[in-house]
>>> print(open('entry_19.csv').read())   # CSV, C-alpha atoms
chain,number,residue,atom,x,y,z
R,1,MET,CA,-26.7,-34.7,-10.7
R,2,LYS,CA,-27.1,-34.4,-7.0
R,3,LEU,CA,-23.4,-33.3,-6.8
R,4,ASN,CA,-24.1,-30.6,-9.4
R,5,LEU,CA,-27.1,-29.3,-7.4
R,6,THR,CA,-25.1,-29.4,-4.2
R,7,GLY,CA,-22.3,-27.4,-6.0
R,8,LEU,CA,-24.8,-24.9,-7.2
R,9,GLY,CA,-26.5,-24.6,-3.8
R,10,ILE,CA,-23.2,-24.3,-1.9
R,11,GLY,CA,-22.0,-21.7,-4.4
R,12,ILE,CA,-25.1,-19.6,-4.0
R,13,LEU,CA,-24.8,-19.6,-0.2
R,14,PHE,CA,-21.1,-18.9,-0.4
R,15,GLY,CA,-21.4,-16.1,-2.9
R,16,GLY,CA,-24.4,-14.7,-0.9
R,17,LEU,CA,-22.4,-14.7,2.3
R,18,LEU,CA,-19.4,-13.0,0.7
R,19,ALA,CA,-21.8,-10.3,-0.8
R,20,GLY,CA,-23.5,-9.9,2.6
R,21,ALA,CA,-20.2,-9.0,4.2
R,22,GLN,CA,-19.3,-6.7,1.2
R,23,LEU,CA,-16.2,-8.8,0.6
R,24,HIS,CA,-16.6,-8.1,-3.2
R,25,GLU,CA,-15.8,-4.4,-2.6
R,26,TYR,CA,-12.3,-3.3,-3.2
R,27,ASP,CA,-12.7,-0.8,-0.3
R,28,THR,CA,-13.5,-3.6,2.2
R,29,ILE,CA,-10.4,-5.6,1.3
R,30,HIS,CA,-8.2,-2.5,1.1
R,31,ALA,CA,-9.3,-1.4,4.6
R,32,MET,CA,-8.5,-4.9,5.9
R,33,LEU,CA,-5.0,-5.0,4.4
R,34,ARG,CA,-4.3,-1.4,5.4
R,35,LEU,CA,-5.1,-2.7,8.9
R,36,LYS,CA,-7.8,-0.1,9.3
R,37,GLU,CA,-10.5,-2.5,10.4
R,38,ALA,CA,-10.5,-6.0,11.9
R,39,ASP,CA,-13.8,-7.2,10.5
R,40,VAL,CA,-12.5,-9.5,7.7
R,41,TYR,CA,-9.8,-11.0,9.9
R,42,LEU,CA,-12.5,-11.7,12.6
R,43,LEU,CA,-14.8,-13.1,9.9
R,44,MET,CA,-12.0,-15.5,8.6
R,45,ALA,CA,-11.0,-16.5,12.2
R,46,SER,CA,-14.6,-17.2,13.2
R,47,ALA,CA,-15.2,-19.3,10.1
R,48,ILE,CA,-12.2,-21.4,11.1
R,49,ALA,CA,-13.2,-21.4,14.8
R,50,VAL,CA,-16.6,-22.9,13.9
R,51,SER,CA,-15.5,-25.3,11.1
R,52,ALA,CA,-12.2,-26.7,12.5
R,53,PRO,CA,-13.7,-28.3,15.7
R,54,LEU,CA,-16.7,-29.6,13.8
R,55,LEU,CA,-14.5,-31.2,11.1
R,56,TRP,CA,-12.4,-32.7,13.9
R,57,ILE,CA,-15.5,-34.3,15.4
R,58,LEU,CA,-16.6,-35.6,12.1
R,59,GLU,CA,-13.1,-37.1,11.5
R,60,ARG,CA,-13.0,-38.6,15.0
R,61,ARG,CA,-16.4,-40.2,14.4
R,62,ASN,CA,-15.3,-41.5,11.0
R,63,HIS,CA,-18.4,-39.8,9.6
R,64,ASN,CA,-20.0,-41.5,6.5
R,65,THR,CA,-20.7,-38.5,4.2
R,66,LEU,CA,-23.9,-38.5,2.2
R,67,PHE,CA,-22.3,-39.2,-1.1
R,68,GLY,CA,-18.5,-38.9,-0.7
R,69,GLY,CA,-17.7,-42.0,1.3
R,70,ARG,CA,-15.9,-41.8,4.7
R,71,ILE,CA,-14.8,-38.4,5.6
R,72,ALA,CA,-11.1,-37.7,4.8
R,73,LEU,CA,-9.3,-34.5,5.6
R,74,SER,CA,-6.1,-33.5,3.8
R,75,ARG,CA,-3.1,-32.3,5.6
R,76,SER,CA,0.0,-31.7,3.4
R,77,MET,CA,3.3,-30.4,4.6
R,78,PRO,CA,4.4,-27.0,3.4
R,79,GLN,CA,6.7,-27.0,0.4
R,80,ARG,CA,8.7,-24.4,-1.5
R,81,HIS,CA,5.9,-23.8,-4.1
R,82,HIS,CA,3.4,-23.1,-1.3
R,83,ILE,CA,5.4,-20.3,0.0
R,84,LYS,CA,6.3,-18.9,-3.4
R,85,GLY,CA,2.8,-19.2,-4.7
R,86,GLY,CA,1.3,-17.7,-1.5
R,87,ALA,CA,3.7,-14.7,-1.7
R,88,LEU,CA,2.7,-14.0,-5.3
R,89,PHE,CA,-1.0,-14.5,-4.5
R,90,GLY,CA,-0.7,-12.0,-1.6
R,91,ILE,CA,0.9,-9.3,-3.8
R,92,GLY,CA,-1.8,-9.7,-6.5
R,93,TRP,CA,-4.6,-9.8,-3.9
R,94,ALA,CA,-3.4,-6.5,-2.5
R,95,VAL,CA,-3.2,-4.8,-5.9
R,96,ALA,CA,-6.4,-6.2,-7.3
R,97,GLY,CA,-8.2,-6.0,-4.0
R,98,THR,CA,-10.1,-9.1,-4.7
R,99,CYS,CA,-9.6,-12.9,-5.0
R,100,PRO,CA,-11.3,-15.7,-7.0
R,101,ALA,CA,-14.7,-16.0,-5.2
R,102,PRO,CA,-15.3,-12.3,-4.4
R,103,ALA,CA,-14.4,-11.3,-8.0
R,104,LEU,CA,-17.4,-13.3,-9.3
R,105,VAL,CA,-19.6,-11.5,-6.7
R,106,MET,CA,-18.1,-8.1,-7.7
R,107,LEU,CA,-19.3,-8.7,-11.3
R,108,SER,CA,-22.7,-9.9,-10.3
R,109,SER,CA,-23.1,-6.9,-8.0
R,110,GLY,CA,-22.9,-4.7,-11.2
R,111,ALA,CA,-19.2,-3.6,-10.9
R,112,LEU,CA,-17.8,-4.0,-14.4
R,113,LEU,CA,-14.2,-4.0,-13.4
R,114,GLY,CA,-14.9,-7.4,-11.8
R,115,LEU,CA,-14.8,-8.7,-15.4
R,116,VAL,CA,-11.2,-7.4,-15.7
R,117,ALA,CA,-10.3,-9.2,-12.4
R,118,ILE,CA,-12.0,-12.5,-13.5
R,119,ALA,CA,-10.2,-12.4,-16.8
R,120,GLY,CA,-6.9,-11.8,-15.1
R,121,ILE,CA,-7.4,-14.7,-12.6
R,122,PHE,CA,-8.2,-17.0,-15.5
R,123,LEU,CA,-5.1,-15.9,-17.3
R,124,GLY,CA,-2.9,-16.2,-14.3
R,125,LEU,CA,-4.1,-19.8,-13.5
R,126,HIS,CA,-3.6,-20.7,-17.2
R,127,LEU,CA,0.0,-19.2,-17.3
R,128,ASN,CA,0.9,-21.2,-14.2
R,129,ALA,CA,-0.5,-24.4,-15.7
R,130,LEU,CA,1.6,-23.7,-18.9
R,131,ALA,CA,4.7,-23.0,-16.7
R,132,ALA,CA,4.2,-26.2,-14.7
R,133,ASP,CA,3.7,-28.1,-18.0
R,134,ARG,CA,6.9,-26.7,-19.5
R,135,ALA,CA,8.8,-27.6,-16.4
R,136,GLY,CA,7.3,-31.1,-16.5
R,137,GLN,CA,5.6,-30.7,-13.1
R,138,GLU,CA,2.2,-31.8,-12.0
R,139,ILE,CA,-0.2,-28.9,-11.2
R,140,THR,CA,-0.5,-28.5,-7.4
R,141,ILE,CA,-3.9,-29.4,-5.9
R,142,GLY,CA,-4.0,-27.8,-2.5
R,143,ASP,CA,-5.7,-29.2,0.6
R,144,GLY,CA,-8.7,-26.8,0.0
R,145,GLU,CA,-9.3,-27.9,-3.6
R,146,HIS,CA,-11.2,-30.7,-5.3
R,147,ARG,CA,-9.8,-34.1,-4.7
R,148,GLU,CA,-10.6,-37.4,-6.3
R,149,LEU,CA,-12.3,-39.7,-3.9
R,150,VAL,CA,-11.8,-43.4,-3.9
R,151,GLY,CA,-15.0,-45.3,-3.5
R,152,ALA,CA,-17.3,-42.3,-4.0
R,153,ASP,CA,-19.9,-42.0,-6.7
I,1,MET,CA,-39.5,-1.1,-0.9
I,2,PHE,CA,-37.6,-2.4,2.1
I,3,ASP,CA,-34.4,-4.2,2.3
I,4,LEU,CA,-34.5,-7.8,3.4
I,5,LEU,CA,-30.9,-7.6,4.4
I,6,PRO,CA,-28.8,-4.8,6.0
I,7,GLN,CA,-26.2,-3.0,3.8
I,8,ARG,CA,-23.4,-5.0,5.5
I,9,ILE,CA,-24.0,-8.2,7.5
I,10,PRO,CA,-21.6,-8.2,10.5
I,11,TRP,CA,-18.7,-10.6,10.6
I,12,TYR,CA,-20.0,-12.5,13.5
I,13,ILE,CA,-22.9,-13.8,11.4
I,14,VAL,CA,-21.1,-14.2,8.0
I,15,GLY,CA,-17.9,-15.8,9.6
I,16,PRO,CA,-19.7,-18.6,11.5
I,17,GLY,CA,-22.1,-19.0,8.5
I,18,LEU,CA,-19.1,-19.7,6.2
I,19,GLY,CA,-17.8,-22.1,8.8
I,20,LEU,CA,-21.0,-24.1,8.8
I,21,LEU,CA,-21.0,-24.1,5.0
I,22,ILE,CA,-17.5,-25.6,4.9
I,23,VAL,CA,-18.6,-28.3,7.4
I,24,ALA,CA,-21.8,-28.9,5.3
I,25,LEU,CA,-19.9,-29.6,2.1
I,26,PHE,CA,-17.6,-32.0,3.9
I,27,ALA,CA,-20.5,-33.7,5.7
I,28,VAL,CA,-22.4,-34.1,2.4
I,29,ALA,CA,-19.8,-34.6,-0.3
I,30,ASN,CA,-16.4,-35.0,1.5
I,31,GLN,CA,-15.1,-32.0,-0.4
I,32,PRO,CA,-13.6,-28.5,0.4
I,33,LEU,CA,-14.9,-25.4,-1.3
I,34,GLY,CA,-11.8,-23.8,-2.9
I,35,ALA,CA,-12.8,-21.2,-5.5
I,36,SER,CA,-9.6,-21.2,-7.6
I,37,GLY,CA,-10.2,-24.8,-8.5
I,38,ALA,CA,-13.6,-23.9,-9.7
I,39,TYR,CA,-11.9,-21.4,-12.1
I,40,VAL,CA,-9.6,-24.2,-13.3
I,41,HIS,CA,-12.5,-26.6,-14.1
I,42,THR,CA,-14.6,-23.8,-15.6
I,43,SER,CA,-11.8,-22.8,-18.0
I,44,GLY,CA,-11.2,-26.4,-18.7
I,45,LEU,CA,-14.9,-26.9,-19.7
I,46,LEU,CA,-14.8,-23.7,-21.9
I,47,ARG,CA,-11.6,-25.0,-23.7
I,48,ARG,CA,-13.0,-28.5,-23.9
I,49,GLY,CA,-10.2,-29.9,-21.8
I,50,ARG,CA,-10.1,-33.3,-20.1
I,51,ASP,CA,-10.7,-34.3,-16.5
I,52,ILE,CA,-13.3,-31.7,-15.9
I,53,VAL,CA,-15.2,-31.9,-12.6
I,54,VAL,CA,-18.6,-30.6,-13.7
I,55,TRP,CA,-20.1,-29.8,-10.3
I,56,ARG,CA,-17.2,-27.4,-9.7
I,57,VAL,CA,-18.5,-25.5,-12.7
I,58,TRP,CA,-21.9,-25.4,-11.1
I,59,TYR,CA,-20.3,-24.2,-7.9
I,60,PHE,CA,-18.6,-21.4,-10.0
I,61,VAL,CA,-22.0,-20.4,-11.4
I,62,GLY,CA,-23.5,-20.6,-8.0
I,63,MET,CA,-21.1,-18.0,-6.5
I,64,PHE,CA,-22.1,-15.6,-9.2
I,65,VAL,CA,-25.8,-16.2,-8.7
I,66,GLY,CA,-25.5,-15.9,-4.9
I,67,GLY,CA,-23.8,-12.5,-5.3
I,68,LEU,CA,-26.5,-11.5,-7.7
I,69,LEU,CA,-29.3,-12.4,-5.3
I,70,VAL,CA,-27.9,-10.6,-2.3
I,71,THR,CA,-26.7,-7.5,-4.0
I,72,ARG,CA,-29.4,-7.0,-6.6
I,73,VAL,CA,-32.5,-8.8,-5.3
I,74,LEU,CA,-32.5,-8.8,-1.5
I,75,THR,CA,-31.1,-5.3,-1.2
I,76,THR,CA,-32.4,-2.2,-2.9
I,77,ASP,CA,-29.3,0.0,-2.9
I,78,ASN,CA,-26.5,0.3,-5.5
I,79,HIS,CA,-28.3,-1.4,-8.4
I,80,ALA,CA,-26.7,0.9,-10.9
I,81,ILE,CA,-24.1,-0.6,-13.2
I,82,ARG,CA,-20.8,0.9,-12.0
I,83,SER,CA,-17.1,0.4,-12.3
I,84,GLY,CA,-16.4,-0.7,-8.7
I,85,TYR,CA,-13.0,0.0,-7.1
I,86,ASP,CA,-14.1,3.3,-5.6
I,87,SER,CA,-10.9,4.3,-3.7
I,88,LEU,CA,-8.6,2.9,-6.3
I,89,ARG,CA,-10.4,5.0,-8.9
I,90,GLY,CA,-10.0,8.0,-6.5
I,91,ALA,CA,-6.2,7.5,-6.6
I,92,PHE,CA,-5.7,6.6,-10.3
I,93,PRO,CA,-7.4,7.5,-13.6
I,94,LEU,CA,-9.4,4.6,-15.2
I,95,TRP,CA,-6.7,4.0,-17.9
I,96,ALA,CA,-4.4,3.1,-15.1
I,97,VAL,CA,-6.9,1.2,-13.0
I,98,VAL,CA,-7.7,-1.3,-15.7
I,99,PRO,CA,-4.1,-2.6,-16.2
I,100,LEU,CA,-3.5,-2.5,-12.4
I,101,VAL,CA,-6.6,-4.7,-11.7
I,102,PHE,CA,-5.8,-7.0,-14.6
I,103,GLY,CA,-2.1,-7.3,-13.6
I,104,GLY,CA,-2.9,-7.8,-10.0
I,105,ALA,CA,-5.5,-10.4,-10.8
I,106,THR,CA,-3.1,-12.2,-13.2
I,107,LEU,CA,-0.5,-12.3,-10.5
I,108,LEU,CA,-2.9,-13.6,-7.9
I,109,GLY,CA,-4.2,-16.3,-10.3
I,110,PHE,CA,-0.6,-17.4,-11.0
I,111,GLY,CA,0.2,-17.5,-7.3
I,112,ALA,CA,-3.0,-19.4,-6.5
I,113,GLY,CA,-2.2,-21.9,-9.2
I,114,MET,CA,1.3,-22.4,-7.8
I,115,ALA,CA,0.2,-22.6,-4.2
I,116,GLY,CA,-2.7,-24.9,-5.1
I,117,GLY,CA,-5.4,-22.6,-3.7
I,118,CYS,CA,-6.5,-19.2,-2.6
I,119,THR,CA,-8.2,-17.4,0.3
I,120,SER,CA,-11.1,-19.9,0.3
I,121,GLY,CA,-9.1,-23.1,-0.4
I,122,HIS,CA,-6.1,-22.6,1.8
I,123,GLY,CA,-7.2,-19.7,4.0
I,124,LEU,CA,-10.5,-21.2,5.1
I,125,CYS,CA,-11.0,-24.9,4.1
I,126,GLY,CA,-7.3,-26.0,4.3
I,127,THR,CA,-6.7,-24.3,7.6
I,128,ALA,CA,-10.0,-25.7,9.0
I,129,GLN,CA,-8.7,-29.2,8.2
I,130,ARG,CA,-5.5,-28.3,10.2
I,131,SER,CA,-3.3,-28.5,7.1
I,132,PRO,CA,0.2,-27.2,7.8
I,133,ALA,CA,0.6,-26.4,4.1
I,134,SER,CA,-2.6,-24.3,4.0
I,135,ALA,CA,-1.6,-22.5,7.2
I,136,ALA,CA,1.8,-21.7,5.7
I,137,VAL,CA,0.2,-20.4,2.5
I,138,THR,CA,-2.3,-18.3,4.5
I,139,ILE,CA,0.3,-16.7,6.7
I,140,THR,CA,2.5,-16.0,3.6
I,141,PHE,CA,-0.2,-14.3,1.5
I,142,LEU,CA,-1.6,-12.3,4.4
I,143,THR,CA,2.0,-11.0,5.1
I,144,THR,CA,2.8,-10.1,1.5
I,145,ALA,CA,-0.7,-8.5,1.0
I,146,VAL,CA,-0.3,-6.2,4.0
I,147,ILE,CA,3.2,-5.2,3.0
I,148,THR,CA,2.1,-4.5,-0.6
I,149,THR,CA,-0.9,-2.5,0.6
I,150,PHE,CA,1.3,-0.3,2.8
I,151,ALA,CA,3.8,0.1,-0.1
I,152,LEU,CA,0.9,1.3,-2.3
I,153,HIS,CA,-0.2,3.6,0.4
I,154,VAL,CA,3.3,5.2,0.6
I,155,ALA,CA,3.8,5.2,-3.2
I,156,THR,CA,0.5,7.1,-3.8
I,157,GLY,CA,1.4,9.7,-1.2
I,158,GLY,CA,-1.2,8.4,1.2
I,159,SER,CA,-4.2,8.6,-1.1
I,160,LEU,CA,-4.7,4.8,-1.1
>>> encode(input="entry_19.csv", output="structure tokens")
Amino acid sequence: MKLNLTGLGIGILFGGLLAGAQLHEYDTIHAMLRLKEADVYLLMASAIAVSAPLLWILERRNHNTLFGGRIALSRSMPQRHHIKGGALFGIGWAVAGTCPAPALVMLSSGALLGLVAIAGIFLGLHLNALAADRAGQEITIGDGEHRELVGAD
Amino acid sequence: MFDLLPQRIPWYIVGPGLGLLIVALFAVANQPLGASGAYVHTSGLLRRGRDIVVWRVWYFVGMFVGGLLVTRVLTTDNHAIRSGYDSLRGAFPLWAVVPLVFGGATLLGFGAGMAGGCTSGHGLCGTAQRSPASAAVTITFLTTAVITTFALHVATGGSL
């Protein structure tokens, strides 16, 4: 319950911030990737510049999270699928001019093509899961995705 | 009516704001906020799959609601239902824009699945954890995205 409310609240703040910076607009992403303006790069860099040192401090202090146990950061080493997946993601990102979180904001802002983008993202994730299943591989869970925590409720 | 928010909030407010949000979710729940995983759990719930993390579905809903609040409640402009993709629609007719967007989105979904994350997961949360894999994914997708965008620019005779 409290985790569900946290998820909803964090989602609202996250979607709201993306909308505030107009990251749901194709034109913003296209201008970024055409290297016409630096705003989105600076936005991403400043987000990391703020969060990385704070996470480092929390890790050093062995911070006891409110309901996730002791803080644990994930640091995997790059593998072939990271590079292949990242390369495909970048091509699709450039063509569609959006990515998973901004696509949701695109739709909620009233831009109906956001629905086409969201449907495509669902299909792509599903096709990858099918391909991984057929190859007998586990689905990759990256360091920025949900992880099962031992000893958390 | 007046706008509670400017048309575009500058990067030096949104960027550090996102950074604090990442730290907050770690401090509270020991979790990163990758968005592609939220899609996986949401589609799992819709297809009645197993191992669904329900709060990730609430997170998915939250992103939509947050966008709604900022674009349609806290600002007064652009409330009309529209297609979006302004400059892409300037370069292509709608019958071509729809498959382009769908194809691009399918490809990025496939890639995000294979890489285990997207711009939020690897680009922000993974990199903030100092994950070498996330940094590698981020550098890779930024590179291919810029190359693809310039290729589109050339292919459309400069109209994109």
>>> residues_around(input="entry_19.csv", residues="Glu37 of chain R", least_positions_apart="6", cutoff="12 Å", atoms="all atoms listed in the file", output="PyMOL selection string")
(chain R and resi 27-31+43) or (chain I and resi 11)
>>> atom_distance(input="entry_19.csv", atom1="atom CA of Met77 of chain R", atom2="atom CA of Gly116 of chain I")
12.7 Å
>>> residues_around(input="entry_19.csv", residues="Ala103 of chain R", least_positions_apart="6", cutoff="8 Å", atoms="all atoms listed in the file", output="JSON, numbers by chain")
{"R": [24, 114, 115, 117, 118]}
>>> write_last_selection(input="entry_19.csv", atoms="C-alpha atoms", output="short mmCIF file (atom, residue, chain, number, x, y, z; two decimals), in the frame of the given file")
data_model
loop_
_atom_site.label_atom_id
_atom_site.label_comp_id
_atom_site.auth_asym_id
_atom_site.auth_seq_id
_atom_site.Cartn_x
_atom_site.Cartn_y
_atom_site.Cartn_z
CA HIS R 24 -16.60 -8.10 -3.20
CA GLY R 114 -14.90 -7.40 -11.80
CA LEU R 115 -14.80 -8.70 -15.40
CA ALA R 117 -10.30 -9.20 -12.40
CA ILE R 118 -12.00 -12.50 -13.50
#
>>> closest_residue(input="entry_19.csv", among="I:Leu152, I:Ile147, I:Ala133, I:Leu160", to="Arg80 of chain R", atoms="all atoms listed in the file")
I:Ala133
>>> residues_around(input="entry_19.csv", residues="Phe102 of chain I", least_positions_apart="3", cutoff="7 Å", atoms="all atoms listed in the file", output="PyMOL selection string")
(chain R and resi 116-117+120) or (chain I and resi 98-99+105-106)
>>> residues_around(input="entry_19.csv", residues="Gln31 of chain I", least_positions_apart="2", cutoff="9 Å", atoms="all atoms listed in the file", output="PyMOL selection string")
(chain R and resi 68+71-73+144-147+149) or (chain I and resi 22+25-29+33)
>>> closest_residue(input="entry_19.csv", among="I:Ala135, I:Leu94, I:Leu45, I:Ile9", to="chain R", atoms="only C-alpha atoms")
I:Ile9
>>> closest_residue(input="entry_19.csv", among="I:Thr42, I:Thr156, I:Thr149, I:Thr76", to="chain R", atoms="only C-alpha atoms")
I:Thr149
>>> closest_residue(input="entry_19.csv", among="I:Gly17, I:Gly90, I:Gly44, I:Gly121", to="chain R", atoms="all atoms listed in the file")
I:Gly121
>>> atom_distance(input="entry_19.csv", atom1="atom CA of Ser108 of chain R", atom2="atom CA of Val73 of chain I")
11.1 Å
>>> closest_residue(input="entry_19.csv", among="R:Lys36, R:His82, R:Arg61, R:Arg70", to="chain I", atoms="all atoms listed in the file")
R:His82
